[in-house]
Structures are given as structure tokens and as C-alpha cells.
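Below is protein_38.txt, holding compact mmCIF, C-alpha atoms.
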# COMPACT_ATOMS: atom_id res chain seq x y z
CA MET X 1 35.99 -16.67 -2.86
CA ALA X 2 33.63 -16.14 0.08
CA ASP X 3 30.00 -17.14 -0.40
CA VAL X 4 28.01 -13.88 -0.40
CA GLU X 5 24.79 -15.77 0.34
CA LYS X 6 25.98 -16.76 3.83
CA GLY X 7 24.03 -15.36 6.73
CA PRO X 8 20.35 -15.44 7.60
CA GLU X 9 17.81 -14.39 5.02
CA PHE X 10 16.35 -10.90 5.56
CA ARG X 11 12.73 -10.73 4.46
CA ILE X 12 10.95 -7.53 3.43
CA LEU X 13 7.23 -7.08 2.77
CA SER X 14 6.35 -4.00 0.69
CA LEU X 15 2.75 -2.84 0.20
CA ALA X 16 1.70 -0.31 -2.44
CA GLY X 17 -0.93 2.42 -2.29
CA GLY X 18 -4.19 2.72 -4.19
CA GLY X 19 -7.13 3.83 -2.03
CA TYR X 20 -9.99 1.32 -1.90
CA LEU X 21 -8.07 -0.84 -4.37
CA GLY X 22 -6.09 -1.81 -1.29
CA PHE X 23 -8.93 -4.20 -0.51
CA TYR X 24 -7.22 -6.46 -3.06
CA THR X 25 -4.03 -6.29 -0.97
CA ALA X 26 -5.93 -6.92 2.25
CA CYS X 27 -7.52 -10.04 0.74
CA VAL X 28 -4.13 -11.34 -0.41
CA LEU X 29 -2.64 -10.72 3.04
CA ALA X 30 -5.58 -12.36 4.81
CA GLU X 31 -5.16 -15.52 2.74
CA LEU X 32 -1.39 -15.55 3.30
CA GLU X 33 -1.86 -15.08 7.04
CA GLU X 34 -4.32 -17.96 7.11
CA GLN X 35 -1.76 -20.13 5.34
CA ALA X 36 1.00 -19.04 7.73
CA GLY X 37 -1.13 -19.99 10.74
CA GLU X 38 0.06 -17.01 12.80
CA PRO X 39 0.36 -13.21 12.48
CA LEU X 40 1.99 -12.56 9.11
CA GLY X 41 4.25 -9.85 10.50
CA ARG X 42 6.26 -12.57 12.24
CA ARG X 43 7.41 -13.84 8.86
CA PHE X 44 9.20 -10.60 7.90
CA ASP X 45 12.15 -8.62 9.21
CA LEU X 46 10.88 -5.32 7.80
CA ILE X 47 7.45 -4.18 6.61
CA ALA X 48 6.94 -1.13 4.38
CA GLY X 49 3.70 0.41 3.18
CA THR X 50 2.45 3.56 1.50
CA SER X 51 -1.04 5.09 1.68
CA VAL X 52 -3.53 2.22 2.11
CA GLY X 53 -0.46 -0.04 2.05
CA GLY X 54 0.83 2.00 4.99
CA ILE X 55 -2.35 1.32 6.92
CA LEU X 56 -1.95 -2.39 6.20
CA ALA X 57 1.75 -2.30 7.12
CA ILE X 58 0.99 -0.71 10.48
CA ALA X 59 -1.75 -3.25 11.12
CA LEU X 60 0.73 -6.05 10.42
CA ALA X 61 3.34 -4.42 12.66
CA PHE X 62 0.85 -4.47 15.55
CA GLU X 63 -0.44 -7.96 14.67
CA ILE X 64 -3.99 -6.86 13.95
CA PRO X 65 -5.49 -9.85 12.11
CA MET X 66 -5.69 -9.33 8.37
CA ALA X 67 -9.12 -11.00 8.35
CA LYS X 68 -10.28 -8.17 10.64
CA ILE X 69 -8.79 -5.56 8.28
CA ARG X 70 -10.61 -7.22 5.38
CA GLU X 71 -13.84 -6.90 7.35
CA ILE X 72 -13.20 -3.20 7.97
CA PHE X 73 -12.95 -2.60 4.22
CA LEU X 74 -16.30 -4.30 3.72
CA GLU X 75 -18.07 -2.71 6.68
CA GLN X 76 -16.59 0.80 6.56
CA GLY X 77 -15.71 1.27 2.88
CA THR X 78 -18.80 3.28 1.97
CA ARG X 79 -18.46 5.36 5.16
CA ILE X 80 -14.81 6.17 4.51
CA PHE X 81 -15.50 6.92 0.84
CA SER X 82 -19.08 6.71 -0.44
CA SER X 83 -21.50 4.28 -2.05
CA ARG X 84 -21.14 6.01 -5.43
CA GLY X 85 -19.75 4.19 -8.44
CA LEU X 86 -17.72 5.71 -11.25
CA PRO X 87 -19.22 8.75 -13.00
CA ASN X 88 -20.47 7.55 -16.40
CA ASN X 89 -20.90 10.74 -18.43
CA ALA X 90 -19.40 14.22 -18.80
CA VAL X 91 -21.92 15.88 -16.48
CA ALA X 92 -21.42 13.23 -13.78
CA LYS X 93 -17.63 13.57 -14.11
CA LEU X 94 -17.83 17.33 -13.69
CA ARG X 95 -20.13 16.99 -10.67
CA ASP X 96 -17.76 14.45 -9.13
CA LEU X 97 -14.82 16.78 -9.69
CA THR X 98 -16.57 19.69 -7.96
CA ARG X 99 -16.76 17.66 -4.74
CA SER X 100 -13.05 18.33 -4.18
CA VAL X 101 -12.66 21.83 -5.63
CA LEU X 102 -13.08 23.82 -2.40
CA GLY X 103 -11.96 21.14 0.03
CA PRO X 104 -11.22 17.42 0.43
CA LYS X 105 -13.73 15.07 -1.14
CA TYR X 106 -13.99 13.05 2.10
CA ASN X 107 -13.60 14.21 5.70
CA GLY X 108 -11.59 11.23 6.99
CA VAL X 109 -13.71 10.91 10.15
CA ALA X 110 -14.78 7.30 9.54
CA LEU X 111 -11.23 6.22 8.72
CA ASN X 112 -9.86 7.95 11.82
CA LYS X 113 -12.46 6.24 14.02
CA ALA X 114 -11.65 2.80 12.57
CA LEU X 115 -7.92 3.31 13.12
CA ALA X 116 -8.40 4.65 16.64
CA LYS X 117 -10.59 1.68 17.53
CA HIS X 118 -7.89 -0.84 16.64
CA LEU X 119 -4.70 1.10 17.39
CA GLY X 120 -5.83 3.35 20.22
CA ARG X 121 -3.01 5.60 21.43
CA LYS X 122 -0.24 3.13 20.59
CA THR X 123 2.96 4.65 19.26
CA LEU X 124 5.44 3.45 16.65
CA GLY X 125 7.76 2.64 19.54
CA GLU X 126 5.28 -0.05 20.60
CA ALA X 127 5.21 -1.81 17.21
CA LEU X 128 5.85 -5.53 17.45
CA HIS X 129 7.63 -5.60 14.09
CA SER X 130 9.90 -3.20 12.21
CA VAL X 131 7.94 -0.89 9.91
CA VAL X 132 8.59 2.09 7.62
CA VAL X 133 5.82 4.29 6.22
CA PRO X 134 6.40 7.08 3.64
CA ALA X 135 4.48 10.37 3.82
CA VAL X 136 5.02 13.93 2.57
CA ASN X 137 5.56 16.90 4.86
CA ILE X 138 3.52 19.47 2.94
CA THR X 139 4.42 22.25 5.37
CA LEU X 140 8.06 22.01 4.28
CA SER X 141 7.56 20.20 0.93
CA GLN X 142 9.81 17.38 2.10
CA THR X 143 9.65 13.63 1.96
CA LYS X 144 9.26 11.80 5.25
CA VAL X 145 9.58 8.16 6.23
CA PHE X 146 8.00 7.38 9.58
CA LYS X 147 9.81 4.51 11.32
CA SER X 148 9.62 2.21 14.27
CA PRO X 149 12.86 2.47 16.32
CA HIS X 150 14.38 -0.72 14.91
CA ALA X 151 17.89 0.63 14.24
CA SER X 152 20.17 3.26 15.76
CA GLY X 153 19.67 5.51 12.72
CA SER X 154 15.90 4.98 12.62
CA ARG X 155 14.90 6.70 15.82
CA GLY X 156 12.91 9.85 16.39
CA ASP X 157 9.36 8.71 15.58
CA GLN X 158 8.93 6.29 18.47
CA GLY X 159 6.55 8.67 20.27
CA VAL X 160 4.31 9.29 17.24
CA ARG X 161 0.92 7.62 17.38
CA ALA X 162 0.56 4.81 14.87
CA ALA X 163 -2.98 5.92 13.99
CA SER X 164 -1.69 9.39 13.09
CA VAL X 165 0.95 7.90 10.80
CA ALA X 166 -1.68 5.72 9.14
CA MET X 167 -3.85 8.77 8.54
CA ALA X 168 -0.90 10.83 7.26
CA THR X 169 0.37 8.32 4.73
CA SER X 170 -3.13 7.87 3.27
CA ALA X 171 -4.12 11.56 3.14
CA ALA X 172 -4.37 11.77 -0.64
CA PRO X 173 -4.56 15.43 -1.73
CA ALA X 174 -8.11 16.50 -2.69
CA TYR X 175 -9.46 13.21 -1.32
CA PHE X 176 -8.69 13.49 2.42
CA PRO X 177 -7.59 16.34 4.70
CA ALA X 178 -3.91 16.73 5.48
CA VAL X 179 -2.92 15.34 8.88
CA ARG X 180 -1.05 17.25 11.56
CA VAL X 181 1.77 15.37 13.26
CA GLY X 182 3.61 17.65 15.65
CA PRO X 183 4.04 21.11 14.09
CA HIS X 184 3.72 19.95 10.47
CA LEU X 185 1.02 18.83 8.06
CA TYR X 186 1.43 15.59 6.13
CA ALA X 187 -0.11 14.09 3.00
CA ASP X 188 -0.07 10.79 1.12
CA GLY X 189 3.31 9.10 0.74
CA GLY X 190 2.22 8.03 -2.73
CA LEU X 191 3.26 11.46 -3.95
CA PHE X 192 6.79 10.04 -4.11
CA ALA X 193 6.69 6.35 -3.20
CA VAL X 194 3.45 4.60 -4.20
CA ALA X 195 5.39 1.33 -4.16
CA PRO X 196 7.82 1.63 -1.21
CA ASP X 197 10.12 -1.20 -2.31
CA GLN X 198 13.14 1.09 -2.71
CA VAL X 199 12.41 2.89 0.56
CA ALA X 200 12.44 -0.49 2.31
CA MET X 201 15.58 -1.61 0.48
CA HIS X 202 17.41 1.57 1.51
CA GLU X 203 16.24 1.18 5.10
CA ALA X 204 17.55 -2.38 5.24
CA GLU X 205 20.91 -1.64 3.63
CA HIS X 206 21.75 1.80 4.99
CA PHE X 207 20.13 1.89 8.43
CA MET X 208 19.86 -1.79 9.37
CA ARG X 209 23.22 -2.68 7.78
CA VAL X 210 21.90 -5.69 5.88
CA ASP X 211 23.88 -6.87 2.87
CA ALA X 212 21.76 -6.89 -0.30
CA SER X 213 22.70 -10.52 -0.95
CA ARG X 214 20.66 -11.53 2.11
CA ILE X 215 17.51 -9.64 1.14
CA ARG X 216 14.41 -11.34 -0.20
CA MET X 217 11.39 -9.14 -0.90
CA LEU X 218 7.68 -9.75 -1.38
CA SER X 219 5.96 -6.75 -3.01
CA ILE X 220 2.17 -6.58 -3.32
CA GLY X 221 0.31 -4.16 -5.58
CA THR X 222 -3.27 -2.92 -5.78
CA ALA X 223 -4.58 -4.61 -8.96
CA THR X 224 -3.36 -1.84 -11.29
CA MET X 225 -1.04 -3.93 -13.46
CA ASP X 226 -1.28 -2.76 -17.09
CA TYR X 227 -3.84 -0.09 -16.20
CA ARG X 228 -5.35 1.75 -19.18
CA PRO X 229 -7.90 4.62 -19.12
CA SER X 230 -11.44 3.42 -19.73
CA SER X 231 -12.02 6.03 -22.44
CA ALA X 232 -9.84 7.19 -25.32
CA VAL X 233 -7.18 9.78 -24.47
CA SER X 234 -6.75 13.01 -26.40
CA GLU X 235 -4.15 15.71 -26.89
CA THR X 236 -6.63 18.22 -25.51
CA ASP X 237 -7.74 16.40 -22.36
CA GLY X 238 -8.30 18.80 -19.47
CA ALA X 239 -8.84 18.60 -15.72
CA VAL X 240 -12.19 16.81 -16.00
CA ASP X 241 -10.71 14.07 -18.20
CA TRP X 242 -7.64 13.63 -16.00
CA LEU X 243 -9.15 13.94 -12.53
CA ALA X 244 -12.84 13.06 -12.35
CA ASP X 245 -12.54 9.28 -12.76
CA GLY X 246 -9.19 8.97 -10.96
CA ARG X 247 -7.27 8.62 -14.22
CA LEU X 248 -4.34 10.79 -13.10
CA LEU X 249 -3.83 8.93 -9.82
CA LEU X 250 -4.32 5.51 -11.40
CA THR X 251 -1.75 6.36 -14.07
CA LEU X 252 0.73 7.55 -11.43
CA ILE X 253 0.17 4.42 -9.34
CA SER X 254 0.56 2.08 -12.31
CA VAL X 255 3.67 3.65 -13.82
CA GLN X 256 5.43 4.11 -10.47
CA GLN X 257 4.89 0.45 -9.67
CA GLN X 258 6.16 -0.57 -13.11
CA HIS X 259 9.32 1.48 -12.65
CA VAL X 260 10.03 0.24 -9.14
CA GLN X 261 9.39 -3.37 -10.11
CA ALA X 262 11.87 -3.17 -13.00
CA MET X 263 14.61 -1.77 -10.76
CA MET X 264 14.01 -4.22 -7.93
CA GLU X 265 14.07 -7.17 -10.32
CA ASP X 266 17.43 -5.93 -11.59
CA ARG X 267 18.77 -5.67 -8.04
CA LEU X 268 17.32 -8.77 -6.38
CA ARG X 269 16.52 -10.97 -9.40
CA ASP X 270 14.87 -14.18 -8.20
CA ARG X 271 14.89 -12.90 -4.62
CA TYR X 272 12.17 -10.42 -5.58
CA THR X 273 8.54 -11.57 -5.81
CA ARG X 274 5.80 -9.30 -7.08
CA LEU X 275 2.12 -10.09 -6.60
CA ASP X 276 -0.44 -8.04 -8.48
CA ALA X 277 -3.50 -8.48 -10.67
CA GLN X 278 -4.26 -7.40 -14.21
CA TRP X 279 -6.43 -4.29 -14.26
CA PRO X 280 -9.98 -5.53 -15.08
CA TYR X 281 -11.14 -3.25 -17.90
CA ASP X 282 -14.75 -4.42 -17.68
CA ALA X 283 -15.12 -3.68 -13.95
CA GLU X 284 -16.22 -0.50 -12.18
CA LEU X 285 -13.11 0.08 -10.09
CA GLY X 286 -11.47 3.25 -8.84
CA ILE X 287 -9.45 4.86 -6.07
CA ASP X 288 -12.60 5.69 -4.10
CA VAL X 289 -15.13 3.22 -5.51
CA ALA X 290 -16.18 1.16 -2.48
CA THR X 291 -19.29 -0.54 -3.88
CA SER X 292 -20.11 -4.15 -3.10
CA GLU X 293 -19.47 -4.93 -6.76
CA ALA X 294 -15.96 -3.45 -6.55
CA ALA X 295 -15.25 -5.42 -3.38
CA GLU X 296 -16.35 -8.67 -5.03
CA VAL X 297 -14.12 -8.07 -8.07
CA LEU X 298 -11.09 -7.23 -5.91
CA SER X 299 -11.67 -10.27 -3.70
CA GLN X 300 -11.86 -12.55 -6.73
CA LEU X 301 -8.68 -11.02 -8.18
CA ALA X 302 -6.83 -11.65 -4.92
CA HIS X 303 -7.95 -15.27 -4.80
CA LYS X 304 -6.96 -15.76 -8.44
CA THR X 305 -3.53 -14.25 -7.79
CA LEU X 306 -2.81 -16.78 -5.07
CA GLU X 307 -4.10 -19.67 -7.17
CA ASP X 308 -1.45 -19.02 -9.81
CA ALA X 309 1.12 -21.83 -9.66
CA ARG X 310 4.10 -19.48 -10.00
CA ALA X 311 2.79 -17.28 -7.19
CA VAL X 312 2.31 -20.31 -4.95
CA ARG X 313 5.92 -21.39 -5.47
CA SER X 314 7.30 -17.89 -5.00
CA VAL X 315 5.31 -17.09 -1.88
CA ARG X 316 5.80 -20.41 -0.12
CA ARG X 317 9.30 -19.43 1.04
CA PHE X 318 7.97 -16.31 2.79
CA LEU X 319 5.41 -18.34 4.76
CA SER X 320 7.93 -20.65 6.37
CA PRO X 321 9.56 -19.61 9.66
CA GLY X 322 12.53 -17.28 9.12
CA SER X 323 15.89 -18.83 8.40

Translate this structure into C-alpha cells?
Amino acid sequence: MADVEKGPEFRILSLAGGGYLGFYTACVLAELEEQAGEPLGRRFDLIAGTSVGGILAIALAFEIPMAKIREIFLEQGTRIFSSRGLPNNAVAKLRDLTRSVLGPKYNGVALNKALAKHLGRKTLGEALHSVVVPAVNITLSQTKVFKSPHASGSRGDQGVRAASVAMATSAAPAYFPAVRVGPHLYADGGLFAVAPDQVAMHEAEHFMRVDASRIRMLSIGTATMDYRPSSAVSETDGAVDWLADGRLLLTLISVQQQHVQAMMEDRLRDRYTRLDAQWPYDAELGIDVATSEAAEVLSQLAHKTLEDARAVRSVRRFLSPGS
């Protein structure tokens, strides 16, 4: 019988969404890049990212240093979001909710400026590494995966500006304005693929014609493992309970990642590595909480993740030059 493992290993990096919680991911990537000793994108054959993970994926595809991206989170976090912490009572929750009733909670200007500064007018066709980024076409209510032109069936987006794609994939409804790309408006890819592992797997198998037996995937979350609401849930919870502290989005992020992880472990078994951190119940974290305290917690969680002996062994293979 032929050995199905023959052939070069095909490495995929998949990055989940989660707003400012993506600072955790950025810290993990910065440490991994430091260990690799060169741009981390060079260690992977395909990079996928959704929402903030999409921003990070595009940065990797253009070899923007992850240490620089980590700095942007720290320097621009309160400009992109705000310096507010989590609302701590019913009145504060209601007030927080009203910020997005008649329009997006944030205008996206600071994020757009940061992306334009580092990506300029570069297009997906100029990406140095293969990348796929989910978004949602809200004009047509259709899913969309923006792609670099890395395969014959993955062309069509090569003229789209990378900064526009980064804005589109992270345009969370009610948080940021929708983004126009061509004739259509786009919103956050997390509406259907918070963890883009399966999107990347399909891209590799169907469009890049890679046999699944060759695929090895590193998937990185946003510190939402085993998320639980901070307050007790009730049968009669309404919009304020579900929306004001990010509970609905955090639940969607956590359960989608759980589901995708289970399926990818079934498919790839020990060729699938998942890095994430346990949700810290005693910390003031949230989708749009960009305080210095939140940044410190997320940074510590990232460092702790990479100190874990099992993570060290699992990740080491991804940091070596491709086989």
C-alpha cells in the first residue's frame, strides 16, 4: 500500500476573531516570530484569519513584523475602541448599549489610519504569502472569502486593497461601520467563520489541490476557551443582558471555536495544534475593552500559553523551515 504521508508537509496558520482580545493572538505571534528568527509568514503555506485574526493574517502575508502589530494594539487600542472598561451595573450597561443603537459604536477612523500607514495601497495580488480572509457581503447577504491569487481557482481579488479587506473582515455589526469594496458593503467574517480553520482547509484541498494527509495546521484563538458569562443567566434575559457586556458575541466566538476545533481534531488528529488560553473570570476583558489592565492580562496569558510544555513541543515543528 502506498504511503499517504509522502510529499512535502503543507502548513496552515489559522487565526480567530475576537476584537481587542486579538492582542492575545498578536502577543503569541510576536513570540513565535522571535523564536523563528524571520518573518513568521515564511513558515506557512497558507494563512487564514477572520476579523482581528484577518488583520493579523494580512500583516503576516505582507511580512509586517508582529512586534510592530503588538505595539499598534498598545498605542492605538484606546483610539480604535475607547479607554472605557466593562459596564458594572444595569444603568451603565444600558448606557453602553445606547452607543450603538442609532449607528456603529466606533467610527473605524483610527483603525483605517493604522492599516493605511502600514499597508498603503498594496493589493492582495502583492501579498508575499498565500492568505484567505472571510467576510460577509451584507448587500447580498452572502459569504465571501477574500484571497490572494495563489491558485487558479482563487483569483479575482488580486486588485482589492489589503487595507480594505482588513477593514471589511473586522467590521463587526454595531461596533464598526460596514466597509465598501467595489459595489458592495461588507461586514465581519465572524458572522460565519470566527475560527477560519475549515475555510483554510477547504482552500487547501479544493483550490490548491493539497491532499489532507499532507496538511498540518496551527490554530490560534483569542483567550475565550471555556468562556462563561460574568453574571448569572436567566430565562428572561433581554437585549441589555445579551448585548451590553459583549455576552452574545463572546458566546458566539467561544462556541464556534469549540465546534471547529472538535471537527479539525477529528480530521487532522495530531497534525492539528490549537493554542488558546482559559477565559480569566476575574479579569475585566471584553471585545472592545482596550484598557492597559486588559492588555497586561492578555499579554500574560499569551506568555503562559507558550510556556506550556505541550505547546512548546507542538509548535516547534511549525517554527522549523518547511519540509

What are the closest atom pairs, with distances in Å to one decimal, for each residue of region 110-199 of chain X lying within 10 Å of region 217-225 of chain X, using all atoms listed in the file, rows by chain and rising residue number, as JSON lines?
{"residue": "X:Val194", "atom": "CA", "partner": "X:Gly221", "partner_atom": "CA", "distance": 9.4}
{"residue": "X:Ala195", "atom": "CA", "partner": "X:Gly221", "partner_atom": "CA", "distance": 7.6}
{"residue": "X:Pro196", "atom": "CA", "partner": "X:Ser219", "partner_atom": "CA", "distance": 8.8}
{"residue": "X:Asp197", "atom": "CA", "partner": "X:Ser219", "partner_atom": "CA", "distance": 7.0}

Applying 8 Å and all atoms listed in the file, which residues near Ala294 (chain X) remain after dropping the ones on its own chain fewer than 6 positions away? List them as a list in words.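 Returned residues: Ala283, Glu284 and Leu285 of chain X.
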
Residue with the minimum atom-to-atom distance to Ser82 (chain X), picked from X:Arg214, X:Arg155, X:Lys105, X:Arg11 with all atoms listed in the file counted, is X:Lys105

Can you list, as a PDB file with C-alpha atoms, in the frame of the given file, every protein, DNA or RNA residue that comes within 7 Å of region 118-132 of chain X when you count only C-alpha atoms, leaving out same-chain residues fewer than 3 positions away?
ATOM      1  CA  GLY X  41       4.250  -9.850  10.500  1.00  0.00           C
ATOM      2  CA  ASP X  45      12.150  -8.620   9.210  1.00  0.00           C
ATOM      3  CA  LEU X  46      10.880  -5.320   7.800  1.00  0.00           C
ATOM      4  CA  ILE X  47       7.450  -4.180   6.610  1.00  0.00           C
ATOM      5  CA  ALA X  48       6.940  -1.130   4.380  1.00  0.00           C
ATOM      6  CA  GLY X  49       3.700   0.410   3.180  1.00  0.00           C
ATOM      7  CA  ALA X  57       1.750  -2.300   7.120  1.00  0.00           C
ATOM      8  CA  ILE X  58       0.990  -0.710  10.480  1.00  0.00           C
ATOM      9  CA  ALA X  61       3.340  -4.420  12.660  1.00  0.00           C
ATOM     10  CA  PHE X  62       0.850  -4.470  15.550  1.00  0.00           C
ATOM     11  CA  ALA X 114     -11.650   2.800  12.570  1.00  0.00           C
ATOM     12  CA  LEU X 115      -7.920   3.310  13.120  1.00  0.00           C
ATOM     13  CA  VAL X 145       9.580   8.160   6.230  1.00  0.00           C
ATOM     14  CA  PHE X 146       8.000   7.380   9.580  1.00  0.00           C
ATOM     15  CA  LYS X 147       9.810   4.510  11.320  1.00  0.00           C
ATOM     16  CA  SER X 148       9.620   2.210  14.270  1.00  0.00           C
ATOM     17  CA  PRO X 149      12.860   2.470  16.320  1.00  0.00           C
ATOM     18  CA  HIS X 150      14.380  -0.720  14.910  1.00  0.00           C
ATOM     19  CA  ASP X 157       9.360   8.710  15.580  1.00  0.00           C
ATOM     20  CA  GLN X 158       8.930   6.290  18.470  1.00  0.00           C
ATOM     21  CA  GLY X 159       6.550   8.670  20.270  1.00  0.00           C
ATOM     22  CA  VAL X 160       4.310   9.290  17.240  1.00  0.00           C
ATOM     23  CA  ARG X 161       0.920   7.620  17.380  1.00  0.00           C
ATOM     24  CA  ALA X 162       0.560   4.810  14.870  1.00  0.00           C
ATOM     25  CA  ALA X 163      -2.980   5.920  13.990  1.00  0.00           C
TER      26      ALA X 163
END

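Minimum atom-to-atom distances from X:Ile215, X:Leu248, X:Leu32, X:Val133 to Tyr227 (chain X) were compared using only C-alpha atoms, and the lowest value belongs to X:Leu248.
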
| said: Taking 6 positions as the minimum chain separation for residues in the same chain, which residues sit within 8 Å of region 67-72 of chain X when counting all atoms listed in the file? Answer as a PyMOL selection string. | reply: chain X and resi 23+26-27+30+56+59+114

- [ ] May I ask for the distance between CA of Ala239 (chain X) and CA of Ala171 (chain X), given in Å to one decimal place?
- [x]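 So the answer is 20.7 Å.
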
Neighbours of Ile253 (chain X) within 7 Å (all atoms listed in the file; same-chain residues fewer than 4 positions away dropped), as a PDB file with C-alpha atoms, keeping the file's coordinate frame?
ATOM      1  CA  GLY X  18      -4.190   2.720  -4.190  1.00  0.00           C
ATOM      2  CA  VAL X 194       3.450   4.600  -4.200  1.00  0.00           C
ATOM      3  CA  LEU X 249      -3.830   8.930  -9.820  1.00  0.00           C
ATOM      4  CA  GLN X 257       4.890   0.450  -9.670  1.00  0.00           C
TER       5      GLN X 257
END

Nearest to Arg269 (chain X), restricted to all atoms listed in the file and choosing among X:Ala135, X:Met66, X:Ala212, X:Val109, comes out as X:Ala212

Nearest to Phe73 (chain X), restricted to all atoms listed in the file and choosing among X:Pro280, X:Pro134, X:Gly19, X:Gly286, comes out as X:Gly19

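Put simply, CA of Ala172 (chain X) is 20.5 Å away from CA of Leu74 (chain X).
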
Any chance you could build region 208-216 of chain X out to all heavy atoms and write it as a PDB file, in the frame of the given file?
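Result saved to rebuild36.pdb:
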ATOM      1  N   MET X 208      19.827  -0.527   8.646  1.00  0.00           N
ATOM      2  CA  MET X 208      19.860  -1.790   9.370  1.00  0.00           C
ATOM      3  C   MET X 208      21.097  -2.610   9.041  1.00  0.00           C
ATOM      4  O   MET X 208      21.292  -3.692   9.572  1.00  0.00           O
ATOM      5  CB  MET X 208      18.576  -2.584   9.094  1.00  0.00           C
ATOM      6  CG  MET X 208      17.309  -1.814   9.483  1.00  0.00           C
ATOM      7  SD  MET X 208      15.755  -2.664   9.063  1.00  0.00           S
ATOM      8  CE  MET X 208      15.627  -3.808  10.439  1.00  0.00           C
ATOM      9  N   ARG X 209      21.920  -2.093   8.130  1.00  0.00           N
ATOM     10  CA  ARG X 209      23.220  -2.680   7.780  1.00  0.00           C
ATOM     11  C   ARG X 209      23.103  -4.129   7.289  1.00  0.00           C
ATOM     12  O   ARG X 209      23.878  -5.012   7.659  1.00  0.00           O
ATOM     13  CB  ARG X 209      24.177  -2.627   8.986  1.00  0.00           C
ATOM     14  CG  ARG X 209      24.407  -1.233   9.539  1.00  0.00           C
ATOM     15  CD  ARG X 209      25.041  -0.323   8.517  1.00  0.00           C
ATOM     16  NE  ARG X 209      25.316   1.008   9.054  1.00  0.00           N
ATOM     17  CZ  ARG X 209      25.767   2.036   8.342  1.00  0.00           C
ATOM     18  NH1 ARG X 209      25.962   1.888   7.047  1.00  0.00           N
ATOM     19  NH2 ARG X 209      25.997   3.204   8.902  1.00  0.00           N
ATOM     20  N   VAL X 210      22.120  -4.362   6.444  1.00  0.00           N
ATOM     21  CA  VAL X 210      21.900  -5.690   5.880  1.00  0.00           C
ATOM     22  C   VAL X 210      22.503  -5.735   4.478  1.00  0.00           C
ATOM     23  O   VAL X 210      22.220  -4.863   3.652  1.00  0.00           O
ATOM     24  CB  VAL X 210      20.399  -6.028   5.804  1.00  0.00           C
ATOM     25  CG1 VAL X 210      20.180  -7.405   5.175  1.00  0.00           C
ATOM     26  CG2 VAL X 210      19.768  -5.955   7.187  1.00  0.00           C
ATOM     27  N   ASP X 211      23.310  -6.728   4.204  1.00  0.00           N
ATOM     28  CA  ASP X 211      23.880  -6.870   2.870  1.00  0.00           C
ATOM     29  C   ASP X 211      22.779  -7.254   1.880  1.00  0.00           C
ATOM     30  O   ASP X 211      21.919  -8.085   2.182  1.00  0.00           O
ATOM     31  CB  ASP X 211      24.972  -7.940   2.870  1.00  0.00           C
ATOM     32  CG  ASP X 211      25.774  -7.931   1.573  1.00  0.00           C
ATOM     33  OD1 ASP X 211      25.301  -8.553   0.595  1.00  0.00           O
ATOM     34  OD2 ASP X 211      26.838  -7.297   1.529  1.00  0.00           O
ATOM     35  N   ALA X 212      22.810  -6.656   0.702  1.00  0.00           N
ATOM     36  CA  ALA X 212      21.760  -6.890  -0.300  1.00  0.00           C
ATOM     37  C   ALA X 212      21.635  -8.362  -0.675  1.00  0.00           C
ATOM     38  O   ALA X 212      20.551  -8.824  -1.048  1.00  0.00           O
ATOM     39  CB  ALA X 212      22.036  -6.053  -1.544  1.00  0.00           C
ATOM     40  N   SER X 213      22.733  -9.108  -0.573  1.00  0.00           N
ATOM     41  CA  SER X 213      22.700 -10.520  -0.950  1.00  0.00           C
ATOM     42  C   SER X 213      21.819 -11.351  -0.024  1.00  0.00           C
ATOM     43  O   SER X 213      21.421 -12.456  -0.372  1.00  0.00           O
ATOM     44  CB  SER X 213      24.118 -11.096  -0.949  1.00  0.00           C
ATOM     45  OG  SER X 213      24.673 -11.073   0.360  1.00  0.00           O
ATOM     46  N   ARG X 214      21.510 -10.818   1.148  1.00  0.00           N
ATOM     47  CA  ARG X 214      20.660 -11.530   2.110  1.00  0.00           C
ATOM     48  C   ARG X 214      19.184 -11.195   1.955  1.00  0.00           C
ATOM     49  O   ARG X 214      18.330 -11.856   2.536  1.00  0.00           O
ATOM     50  CB  ARG X 214      21.079 -11.189   3.543  1.00  0.00           C
ATOM     51  CG  ARG X 214      22.445 -11.712   3.961  1.00  0.00           C
ATOM     52  CD  ARG X 214      22.803 -11.152   5.332  1.00  0.00           C
ATOM     53  NE  ARG X 214      21.692 -11.323   6.278  1.00  0.00           N
ATOM     54  CZ  ARG X 214      21.535 -10.572   7.369  1.00  0.00           C
ATOM     55  NH1 ARG X 214      22.365  -9.590   7.636  1.00  0.00           N
ATOM     56  NH2 ARG X 214      20.515 -10.799   8.185  1.00  0.00           N
ATOM     57  N   ILE X 215      18.878 -10.158   1.177  1.00  0.00           N
ATOM     58  CA  ILE X 215      17.510  -9.640   1.140  1.00  0.00           C
ATOM     59  C   ILE X 215      16.625 -10.403   0.151  1.00  0.00           C
ATOM     60  O   ILE X 215      17.008 -10.645  -0.986  1.00  0.00           O
ATOM     61  CB  ILE X 215      17.520  -8.140   0.779  1.00  0.00           C
ATOM     62  CG1 ILE X 215      18.189  -7.340   1.906  1.00  0.00           C
ATOM     63  CG2 ILE X 215      16.098  -7.626   0.534  1.00  0.00           C
ATOM     64  CD1 ILE X 215      18.379  -5.871   1.589  1.00  0.00           C
ATOM     65  N   ARG X 216      15.451 -10.751   0.642  1.00  0.00           N
ATOM     66  CA  ARG X 216      14.410 -11.340  -0.200  1.00  0.00           C
ATOM     67  C   ARG X 216      13.143 -10.508   0.040  1.00  0.00           C
ATOM     68  O   ARG X 216      12.760 -10.284   1.177  1.00  0.00           O
ATOM     69  CB  ARG X 216      14.171 -12.806   0.153  1.00  0.00           C
ATOM     70  CG  ARG X 216      13.104 -13.505  -0.708  1.00  0.00           C
ATOM     71  CD  ARG X 216      13.019 -14.986  -0.379  1.00  0.00           C
ATOM     72  NE  ARG X 216      14.259 -15.666  -0.721  1.00  0.00           N
ATOM     73  CZ  ARG X 216      14.543 -16.141  -1.933  1.00  0.00           C
ATOM     74  NH1 ARG X 216      13.649 -16.018  -2.914  1.00  0.00           N
ATOM     75  NH2 ARG X 216      15.683 -16.748  -2.160  1.00  0.00           N
TER      76      ARG X 216
END
